[in-house]
Amino acid sequence: MLRRPPGTDQPDGPGAVTLTSLIEGHITRAAATIFVQRRGPDNSGHFVDGPWCWSDTDEAHRHSLAQFDIYDRWRRDRSVSFLGIDQFTAPLELLILIEGAAGIRSIDDLHLFHNRGARILALSWTDGTRWAGGDQSGGDLTAEGRKLVAAADDLHMVHDASHLSEAAFWALLDVARRPIIASHSNCRALLPGKTHPERHLSDRQIRAIADRGGMIGLNLFGKFLAAGRPAVIADAVAHCRHIVDISGRPDLLGLGSDMDGGFGADQLPAPMRLPKDLSMLAAALSEAGFSDAEIAGFSYHNWNNFFASAKLY
C-alpha cells in the first residue's frame with residue numbers, strides 16, 4: 001500500500017517504498033491510501049506534526065485533496081494508473097483507499113472522493129473518528145457512520161475494517177451490504193500481551209470475514225508479527241498459516257504489507273528491507289508447505305480475483 005504518497009527519491013523512507021523500489025520489486029498493483037493524521041500528542045505522549053497533519057476537519061479535507069492531486073500528477077506522467085478508471089496501463093496500477101476518513105466532512109465529500117478515484121473506505125484510524133471507533137480509542141459505529149456506510153454501499157465501494165474497534169467491526173458487518181476486507185491486519189492470537197489488541201483480528205473476526213467472502217492482507221510491521229522481540233520472516237509465515245487454518249480458505253489471504261506505513265525498513269521482518277525482498281517471503285511460504293498455487297494467490301491472484309468480483313474494475 002502507498003499509505004502517504006511517497007517521493008521517488010527517498011530510499012530510506014518508510015519501508016523503503018518509492019515508485020522506483022516498487023517497480024524494482026515487480027509490484028504492479030497496490031492499494032494507495034489517502035491518509036491524514038491528527039496533529040497533537042499520540043497515545044505514547046509524542047507530539048505528532050507534519051505536512052499531512054490536521055487540527056480540524058477542514059484542514060484534513062484540504063490535505064486529502066492535496067494527496068489526490070499528487071496521484072493525479074503521477075497519472076498525468078503515466079507513472080501510475082487507476083484500475084478500472086484510466087484507459088491506459090501504467091507500470092503501477094492503483095486502487096485508492098480512504099484510510100480513516102478524517103477528511104470526509106459530509107456524505108457529499110464521499111461522493112467527491114469517489115469521483116476522484118476512491119474505491120475503498122476505512123471509517124477510522126487508531127484514535128477514532130466521527131464515523132466510528134478506532135482500534136485504540138474503542139467506540140461503536142456512530143449514527144453518522146452508518147449513513148456513510150450506506151452511501152459507500154450505494155457508490156459500490158469496498159469497506160476496510162483494519163483500524164476499527166471491536167464494536168465498530170461487528171456493527172459494520174451488520175449494516176454493510178458491500179464486501180469487507182481487513183487490508184493490513186494480523187492475528188490477535190499470535191500477539192499476546194499487546195496494549196491495543198483490537199488492532200489485530202480475533203479468530204472470530206477472521207472467520208466472519210471469511211464467511212462474508214472478504215480478504216485479509218498480511219501486515220509486515222515487525223511489532224504486528226511478533227511480541228517482545230524483533231520479527232523474522234518465519235513470524236509472517238506463522239500469521240499466514242493461522243489465518244488459513246482458522247478460516248479454511250487460502251483464497252482469503254493476500255499481502256497487505258503496510259511497508260509505507262510510517263515505520264522504517266529496519267522494522268520489517270528480518271532480513272527483509274525492500275519490496276524486492278518480498279521474494280524471501282514467497283520462498284519461506286514454500287518451505288512451510290504452501291503450494292505454488294497458494295503462494296501465487298497470496299502474492300497476486302487472491303486480491304485480483306476479489307476486487308474483480310467486487311466489480312471495482
# chains A, B, ... in the order shown; residues from 1 in each chain; ligands from 1
$ residues_around --residues "Asn219 of chain A" --least-positions-apart "6" --cutoff "12 Å" --atoms "only C-alpha atoms" --output "PyMOL selection string"
chain A and resi 1+15+162+182-187+199-201+225-226+231+233+235-237+239-240+253-261+263+267-269
$ select_by_dssp --residues "segment 118-159 of chain A" --states "helix (DSSP H, G or I)" --output "VMD selection string"
chain A and resid 143 to 154
$ write_last_selection --atoms "N, CA and C atoms" --output "PDB file, in the first residue's frame"
ATOM      1  N   ALA A 143     -24.061   7.028  14.447  1.00  0.00           N
ATOM      2  CA  ALA A 143     -25.220   7.186  13.570  1.00  0.00           C
ATOM      3  C   ALA A 143     -24.796   7.785  12.233  1.00  0.00           C
ATOM      4  N   GLU A 144     -23.878   8.779  12.272  1.00  0.00           N
ATOM      5  CA  GLU A 144     -23.372   9.352  11.029  1.00  0.00           C
ATOM      6  C   GLU A 144     -22.555   8.320  10.252  1.00  0.00           C
ATOM      7  N   GLY A 145     -21.805   7.476  10.989  1.00  0.00           N
ATOM      8  CA  GLY A 145     -21.026   6.433  10.338  1.00  0.00           C
ATOM      9  C   GLY A 145     -21.901   5.448   9.593  1.00  0.00           C
ATOM     10  N   ARG A 146     -23.042   5.111  10.162  1.00  0.00           N
ATOM     11  CA  ARG A 146     -23.957   4.196   9.486  1.00  0.00           C
ATOM     12  C   ARG A 146     -24.471   4.795   8.177  1.00  0.00           C
ATOM     13  N   LYS A 147     -24.707   6.106   8.177  1.00  0.00           N
ATOM     14  CA  LYS A 147     -25.130   6.770   6.941  1.00  0.00           C
ATOM     15  C   LYS A 147     -24.004   6.767   5.909  1.00  0.00           C
ATOM     16  N   LEU A 148     -22.755   6.945   6.391  1.00  0.00           N
ATOM     17  CA  LEU A 148     -21.621   6.937   5.468  1.00  0.00           C
ATOM     18  C   LEU A 148     -21.427   5.545   4.877  1.00  0.00           C
ATOM     19  N   VAL A 149     -21.619   4.511   5.679  1.00  0.00           N
ATOM     20  CA  VAL A 149     -21.532   3.135   5.175  1.00  0.00           C
ATOM     21  C   VAL A 149     -22.573   2.914   4.075  1.00  0.00           C
ATOM     22  N   ALA A 150     -23.802   3.375   4.319  1.00  0.00           N
ATOM     23  CA  ALA A 150     -24.851   3.210   3.316  1.00  0.00           C
ATOM     24  C   ALA A 150     -24.512   3.953   2.028  1.00  0.00           C
ATOM     25  N   ALA A 151     -23.924   5.153   2.178  1.00  0.00           N
ATOM     26  CA  ALA A 151     -23.537   5.915   0.988  1.00  0.00           C
ATOM     27  C   ALA A 151     -22.425   5.202   0.229  1.00  0.00           C
ATOM     28  N   ALA A 152     -21.464   4.633   0.961  1.00  0.00           N
ATOM     29  CA  ALA A 152     -20.388   3.875   0.311  1.00  0.00           C
ATOM     30  C   ALA A 152     -20.942   2.651  -0.398  1.00  0.00           C
ATOM     31  N   ASP A 153     -21.910   1.999   0.213  1.00  0.00           N
ATOM     32  CA  ASP A 153     -22.565   0.864  -0.452  1.00  0.00           C
ATOM     33  C   ASP A 153     -23.202   1.310  -1.770  1.00  0.00           C
ATOM     34  N   ASP A 154     -23.895   2.441  -1.732  1.00  0.00           N
ATOM     35  CA  ASP A 154     -24.562   2.941  -2.932  1.00  0.00           C
ATOM     36  C   ASP A 154     -23.550   3.276  -4.032  1.00  0.00           C
TER      37      ASP A 154
END
$ atom_distance --atom1 "atom CA of Ser165 of chain A" --atom2 "atom CA of Asp135 of chain A"
4.2 Å
$ residues_around --residues "Leu94 of chain A" --least-positions-apart "3" --cutoff "10 Å" --atoms "only C-alpha atoms" --output "PyMOL selection string"
chain A and resi 1-2+28-33+71+80-85+90-91+97+117-118
$ write_last_selection --atoms "C-alpha atoms" --output "PDB file, in the first residue's frame"
ATOM      1  CA  MET A   1       0.000   0.000   0.000  1.00  0.00           C
ATOM      2  CA  LEU A   2       1.089   3.579  -0.627  1.00  0.00           C
ATOM      3  CA  THR A  28       2.337  -3.991 -10.429  1.00  0.00           C
ATOM      4  CA  ARG A  29      -0.809  -3.290  -8.384  1.00  0.00           C
ATOM      5  CA  ALA A  30      -1.336  -1.695  -4.981  1.00  0.00           C
ATOM      6  CA  ALA A  31      -3.936  -0.090  -2.764  1.00  0.00           C
ATOM      7  CA  ALA A  32      -2.788   3.508  -2.344  1.00  0.00           C
ATOM      8  CA  THR A  33      -4.176   5.493   0.552  1.00  0.00           C
ATOM      9  CA  TYR A  71      -1.750  10.891  -7.532  1.00  0.00           C
ATOM     10  CA  VAL A  80       0.648   5.212 -12.168  1.00  0.00           C
ATOM     11  CA  SER A  81      -2.864   4.500 -13.397  1.00  0.00           C
ATOM     12  CA  PHE A  82      -6.153   3.950 -11.572  1.00  0.00           C
ATOM     13  CA  LEU A  83      -7.588   0.467 -12.010  1.00  0.00           C
ATOM     14  CA  GLY A  84     -10.980   0.450 -13.674  1.00  0.00           C
ATOM     15  CA  ILE A  85     -10.819   4.183 -14.402  1.00  0.00           C
ATOM     16  CA  ALA A  90       0.985   2.275 -16.138  1.00  0.00           C
ATOM     17  CA  PRO A  91       3.816   0.271 -14.542  1.00  0.00           C
ATOM     18  CA  LEU A  97      -8.254   3.619  -0.234  1.00  0.00           C
ATOM     19  CA  GLY A 117     -10.974   7.640  -7.756  1.00  0.00           C
ATOM     20  CA  ALA A 118     -11.559   6.341  -4.204  1.00  0.00           C
TER      21      ALA A 118
END
$ select_by_dssp --residues "segment 38-128 of chain A" --states "strand (DSSP E or B)" --output "ChimeraX atom specification"
/A:38,40-41,47-48,53-54,80-82,92-99,118-122
$ closest_residue --among "A:Gly193, A:Gly213, A:Gly248, A:Gly100" --to "Arg130 of chain A" --atoms "only C-alpha atoms"
A:Gly100
